[in-house]
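Printed here is my_file.pdb (PDB, C-alpha atoms, pLDDT in the B column):
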ATOM      1  CA  MET A 238     -10.711   0.605  63.208  1.00 57.00           C
ATOM      2  CA  LYS A 239     -13.592   1.288  60.772  1.00 57.00           C
ATOM      3  CA  LYS A 240     -11.917   4.501  59.668  1.00 58.00           C
ATOM      4  CA  LYS A 241      -8.680   2.648  58.854  1.00 57.00           C
ATOM      5  CA  VAL A 242     -10.547  -0.002  56.821  1.00 51.00           C
ATOM      6  CA  CYS A 243     -12.532   2.640  54.913  1.00 51.00           C
ATOM      7  CA  PHE A 244      -9.360   4.637  54.271  1.00 54.00           C
ATOM      8  CA  ALA A 245      -7.562   1.519  52.992  1.00 52.00           C
ATOM      9  CA  ALA A 246     -10.508   0.682  50.742  1.00 52.00           C
ATOM     10  CA  LEU A 247     -10.484   4.236  49.382  1.00 52.00           C
ATOM     11  CA  ILE A 248      -6.754   4.006  48.654  1.00 60.00           C
ATOM     12  CA  LEU A 249      -7.230   0.690  46.835  1.00 55.00           C
ATOM     13  CA  PHE A 250     -10.103   2.064  44.763  1.00 58.00           C
ATOM     14  CA  CYS A 251      -8.154   5.201  43.799  1.00 54.00           C
ATOM     15  CA  SER A 252      -5.116   3.086  42.883  1.00 56.00           C
ATOM     16  CA  TYR A 253      -7.316   0.903  40.690  1.00 55.00           C
ATOM     17  CA  VAL A 254      -8.750   3.921  38.864  1.00 49.00           C
ATOM     18  CA  VAL A 255      -5.372   5.605  38.417  1.00 48.00           C
ATOM     19  CA  PHE A 256      -3.493   2.528  37.233  1.00 54.00           C
ATOM     20  CA  THR A 257      -6.162   0.943  35.038  1.00 53.00           C
ATOM     21  CA  ALA A 258      -7.322   4.120  33.250  1.00 50.00           C
ATOM     22  CA  PRO A 259      -4.224   4.210  31.004  1.00 54.00           C
ATOM     23  CA  LEU A 260      -4.997   0.652  29.871  1.00 52.00           C
ATOM     24  CA  ALA A 261      -8.288   1.760  28.351  1.00 53.00           C
ATOM     25  CA  ALA A 262      -6.474   4.549  26.526  1.00 52.00           C
ATOM     26  CA  GLN A 263      -4.296   2.008  24.707  1.00 84.00           C
ATOM     27  CA  THR A 264      -7.078   1.111  22.291  1.00 92.00           C
ATOM     28  CA  LYS A 265      -6.134   2.518  18.887  1.00 93.00           C
ATOM     29  CA  SER A 266      -8.651   4.067  16.556  1.00 96.00           C
ATOM     30  CA  TYR A 267      -9.210   2.360  13.211  1.00 97.00           C
ATOM     31  CA  GLY A 268      -7.438   5.249  11.496  1.00 97.00           C
ATOM     32  CA  ASP A 269      -4.288   4.486  13.496  1.00 97.00           C
ATOM     33  CA  ILE A 270      -4.038   0.960  12.075  1.00 97.00           C
ATOM     34  CA  ASP A 271      -1.622   0.769   9.120  1.00 98.00           C
ATOM     35  CA  VAL A 272      -2.647  -1.673   6.397  1.00 98.00           C
ATOM     36  CA  ILE A 273      -0.912  -2.514   3.128  1.00 98.00           C
ATOM     37  CA  LEU A 274      -2.951  -4.064   0.322  1.00 98.00           C
ATOM     38  CA  TYR A 275      -1.028  -5.760  -2.488  1.00 98.00           C
ATOM     39  CA  SER A 276      -3.353  -6.055  -5.461  1.00 98.00           C
ATOM     40  CA  THR A 277      -3.807  -5.822  -9.213  1.00 98.00           C
ATOM     41  CA  ASP A 278      -6.212  -3.674 -11.180  1.00 96.00           C
ATOM     42  CA  TRP A 279      -7.918  -6.694 -12.779  1.00 97.00           C
ATOM     43  CA  CYS A 280      -8.635  -8.616  -9.542  1.00 98.00           C
ATOM     44  CA  PRO A 281     -12.276  -8.469  -8.329  1.00 98.00           C
ATOM     45  CA  GLN A 282     -11.373  -9.849  -4.879  1.00 98.00           C
ATOM     46  CA  CYS A 283      -8.791  -7.072  -4.519  1.00 98.00           C
ATOM     47  CA  LYS A 284     -11.504  -4.490  -5.169  1.00 98.00           C
ATOM     48  CA  LYS A 285     -13.757  -6.135  -2.567  1.00 98.00           C
ATOM     49  CA  ALA A 286     -10.926  -6.260  -0.018  1.00 98.00           C
ATOM     50  CA  LYS A 287     -10.157  -2.580  -0.633  1.00 98.00           C
ATOM     51  CA  ALA A 288     -13.822  -1.643  -0.209  1.00 98.00           C
ATOM     52  CA  TYR A 289     -13.977  -3.573   3.061  1.00 98.00           C
ATOM     53  CA  LEU A 290     -10.778  -1.994   4.380  1.00 98.00           C
ATOM     54  CA  ASP A 291     -12.072   1.441   3.379  1.00 98.00           C
ATOM     55  CA  SER A 292     -15.309   0.727   5.275  1.00 98.00           C
ATOM     56  CA  LEU A 293     -13.273  -0.007   8.420  1.00 97.00           C
ATOM     57  CA  GLY A 294     -11.520   3.341   8.130  1.00 97.00           C
ATOM     58  CA  VAL A 295      -7.987   1.995   8.500  1.00 98.00           C
ATOM     59  CA  SER A 296      -4.945   3.816   7.170  1.00 98.00           C
ATOM     60  CA  LEU A 297      -4.636   2.004   3.843  1.00 98.00           C
ATOM     61  CA  VAL A 298      -1.843   1.975   1.273  1.00 98.00           C
ATOM     62  CA  GLU A 299      -2.467  -0.022  -1.897  1.00 98.00           C
ATOM     63  CA  TYR A 300       0.206  -1.291  -4.279  1.00 98.00           C
ATOM     64  CA  ASP A 301      -0.433  -2.669  -7.766  1.00 98.00           C
ATOM     65  CA  VAL A 302       2.028  -5.555  -7.998  1.00 98.00           C
ATOM     66  CA  ASP A 303       1.634  -5.742 -11.796  1.00 97.00           C
ATOM     67  CA  ALA A 304       2.857  -2.161 -12.142  1.00 97.00           C
ATOM     68  CA  ASP A 305       5.553  -2.123  -9.444  1.00 98.00           C
ATOM     69  CA  GLU A 306       8.192  -4.886  -9.499  1.00 98.00           C
ATOM     70  CA  ALA A 307       9.711  -3.817  -6.178  1.00 98.00           C
ATOM     71  CA  LYS A 308       6.323  -4.117  -4.472  1.00 98.00           C
ATOM     72  CA  ARG A 309       5.754  -7.483  -6.169  1.00 98.00           C
ATOM     73  CA  ALA A 310       9.054  -8.688  -4.682  1.00 98.00           C
ATOM     74  CA  GLU A 311       8.038  -7.296  -1.280  1.00 98.00           C
ATOM     75  CA  MET A 312       4.702  -9.119  -1.535  1.00 98.00           C
ATOM     76  CA  LEU A 313       6.409 -12.384  -2.491  1.00 98.00           C
ATOM     77  CA  GLU A 314       8.701 -12.100   0.513  1.00 97.00           C
ATOM     78  CA  LYS A 315       5.801 -11.476   2.900  1.00 97.00           C
ATOM     79  CA  SER A 316       3.717 -14.269   1.371  1.00 97.00           C
ATOM     80  CA  LYS A 317       6.634 -16.723   1.321  1.00 96.00           C
ATOM     81  CA  GLY A 318       6.432 -17.006  -2.461  1.00 95.00           C
ATOM     82  CA  SER A 319       2.672 -17.025  -2.965  1.00 95.00           C
ATOM     83  CA  ARG A 320       1.690 -14.950  -5.990  1.00 95.00           C
ATOM     84  CA  GLY A 321      -2.011 -14.749  -5.195  1.00 96.00           C
ATOM     85  CA  VAL A 322      -3.695 -11.419  -4.643  1.00 98.00           C
ATOM     86  CA  PRO A 323      -4.950  -9.766  -2.635  1.00 98.00           C
ATOM     87  CA  LEU A 324      -2.313 -10.001   0.048  1.00 98.00           C
ATOM     88  CA  ILE A 325      -3.030  -7.862   3.087  1.00 98.00           C
ATOM     89  CA  ASP A 326      -0.511  -6.787   5.725  1.00 98.00           C
ATOM     90  CA  VAL A 327      -2.118  -5.502   8.927  1.00 98.00           C
ATOM     91  CA  GLU A 328       0.914  -4.241  10.837  1.00 97.00           C
ATOM     92  CA  GLY A 329       2.755  -7.535  10.317  1.00 97.00           C
ATOM     93  CA  ILE A 330      -0.223  -9.881  10.289  1.00 98.00           C
ATOM     94  CA  ILE A 331      -0.359 -11.337   6.769  1.00 98.00           C
ATOM     95  CA  ILE A 332      -3.692 -12.343   5.245  1.00 98.00           C
ATOM     96  CA  ARG A 333      -3.947 -14.116   1.914  1.00 98.00           C
ATOM     97  CA  GLY A 334      -7.099 -13.457  -0.052  1.00 97.00           C
ATOM     98  CA  ASN A 335     -10.214 -11.467   0.730  1.00 98.00           C
ATOM     99  CA  ASN A 336     -11.060 -13.046   4.076  1.00 98.00           C
ATOM    100  CA  GLN A 337     -13.093 -10.368   5.836  1.00 98.00           C
ATOM    101  CA  ALA A 338     -13.279 -12.277   9.121  1.00 98.00           C
ATOM    102  CA  ALA A 339      -9.480 -12.616   9.198  1.00 98.00           C
ATOM    103  CA  ILE A 340      -9.054  -8.952   8.256  1.00 98.00           C
ATOM    104  CA  LYS A 341     -11.393  -7.824  11.045  1.00 98.00           C
ATOM    105  CA  LYS A 342      -9.680 -10.122  13.558  1.00 98.00           C
ATOM    106  CA  ALA A 343      -6.234  -8.762  12.636  1.00 98.00           C
ATOM    107  CA  VAL A 344      -7.389  -5.143  12.814  1.00 98.00           C
ATOM    108  CA  GLU A 345      -9.035  -5.696  16.203  1.00 97.00           C
ATOM    109  CA  LYS A 346      -5.908  -7.432  17.499  1.00 96.00           C
ATOM    110  CA  LYS A 347      -3.841  -4.389  16.559  1.00 96.00           C
ATOM    111  CA  ARG A 348      -6.439  -1.990  18.010  1.00 96.00           C
ATOM    112  CA  ASN A 349      -6.498  -3.782  21.356  1.00 95.00           C
ATOM    113  CA  PRO A 350      -3.017  -5.145  22.089  1.00 88.00           C
ATOM    114  CA  GLU A 351      -2.785  -7.262  25.210  1.00 78.00           C
TER
END

Translate the structure of the given file into C-alpha cells.
Amino acid sequence: MKKKVCFAALILFCSYVVFTAPLAAQTKSYGDIDVILYSTDWCPQCKKAKAYLDSLGVSLVEYDVDADEAKRAEMLEKSKGSRGVPLIDVEGIIIRGNNQAAIKKAVEKKRNPE
C-alpha cells in the first residue's frame, strides 16, 4: 500500500512540474513589450517619458505628432480626442501623460499575462 501511495505522489509531483513549468516561461522580457510614444519635440514630459521607457528596455517607437498628421490622427483616435502629449500605448493599454507608475503597471501586466 505504501508503494502505491508513494508512486501516486511521485506522479502528482511530476505532473505539477511538467504542467506548471510552461507557465513560468510565459513571462515576456522587457524587450518583447511593444510601446508607442506619441510626443512632440518641444514637450519636456515627453522627453521624461521617453527616458523612462528607455530605462525599462521596452521596444519603443516614438512618433512626433506635430510632424506627422497621420500619427496625430491615430493618437486622437486612441485618446478619444485628447490632444495632450505624451500619449503612451503599451500593447493596447493607453496612458495619458508621463505617469511612471501607470507605465510600469501596464508593462508588467503585458510581461505577466494571467

Using the chain letters and numbers from this file, what does the PyMOL selection byres ((chain A and resi 272-282) around 10) select? Give the answer as a ChimeraX atom specification. /A:268-271,283-288,290,295-304,308-309,311-313,321-336,340,344

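Picture a line from CA of Ser316 in chain A to CA of Gln263 in chain A; it runs 29.6 Å.
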
On this structure, which residues satisfy the PyMOL selection byres ((chain A and resi 350) around 10), written as a count of residues only? 10

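Separating CA of Gly294 in chain A from CA of Lys342 in chain A is a distance of 14.6 Å.
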
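Put simply, CA of Lys317 in chain A is 26.9 Å away from CA of Leu293 in chain A.
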
Per-axis box centre and lengths in Å around range 285-293 of chain A, 5 Å margin per side, axis-aligned, as lines of an AutoDock Vina configuration file:
center_x = -12.7
center_y = -2.4
center_z = 2.9
size_x = 15.2
size_y = 17.7
size_z = 21.0

Could you pull range 275-297 of chain A out of the structure I just pasted and write it to a file containing C-alpha atoms, as a PDB file, in the first residue's frame?
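The result, stored in part.pdb:
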ATOM      1  CA  TYR A 275       3.137  59.881 -29.237  1.00  0.00           C
ATOM      2  CA  SER A 276       5.027  63.071 -28.474  1.00  0.00           C
ATOM      3  CA  THR A 277       6.288  66.423 -29.703  1.00  0.00           C
ATOM      4  CA  ASP A 278       9.829  67.734 -29.794  1.00  0.00           C
ATOM      5  CA  TRP A 279       9.008  70.688 -27.516  1.00  0.00           C
ATOM      6  CA  CYS A 280       7.345  68.685 -24.704  1.00  0.00           C
ATOM      7  CA  PRO A 281       9.505  68.167 -21.571  1.00  0.00           C
ATOM      8  CA  GLN A 282       7.171  65.473 -20.186  1.00  0.00           C
ATOM      9  CA  CYS A 283       7.520  63.578 -23.472  1.00  0.00           C
ATOM     10  CA  LYS A 284      11.298  63.584 -23.054  1.00  0.00           C
ATOM     11  CA  LYS A 285      10.950  62.304 -19.476  1.00  0.00           C
ATOM     12  CA  ALA A 286       8.518  59.577 -20.561  1.00  0.00           C
ATOM     13  CA  LYS A 287      10.895  58.505 -23.337  1.00  0.00           C
ATOM     14  CA  ALA A 288      13.826  58.378 -20.911  1.00  0.00           C
ATOM     15  CA  TYR A 289      11.793  56.252 -18.505  1.00  0.00           C
ATOM     16  CA  LEU A 290      10.656  53.875 -21.249  1.00  0.00           C
ATOM     17  CA  ASP A 291      14.242  53.605 -22.489  1.00  0.00           C
ATOM     18  CA  SER A 292      15.361  52.753 -18.939  1.00  0.00           C
ATOM     19  CA  LEU A 293      12.853  49.875 -18.869  1.00  0.00           C
ATOM     20  CA  GLY A 294      14.290  48.475 -22.085  1.00  0.00           C
ATOM     21  CA  VAL A 295      10.971  48.077 -23.886  1.00  0.00           C
ATOM     22  CA  SER A 296      10.678  48.007 -27.662  1.00  0.00           C
ATOM     23  CA  LEU A 297       9.845  51.674 -28.212  1.00  0.00           C
TER      24      LEU A 297
END
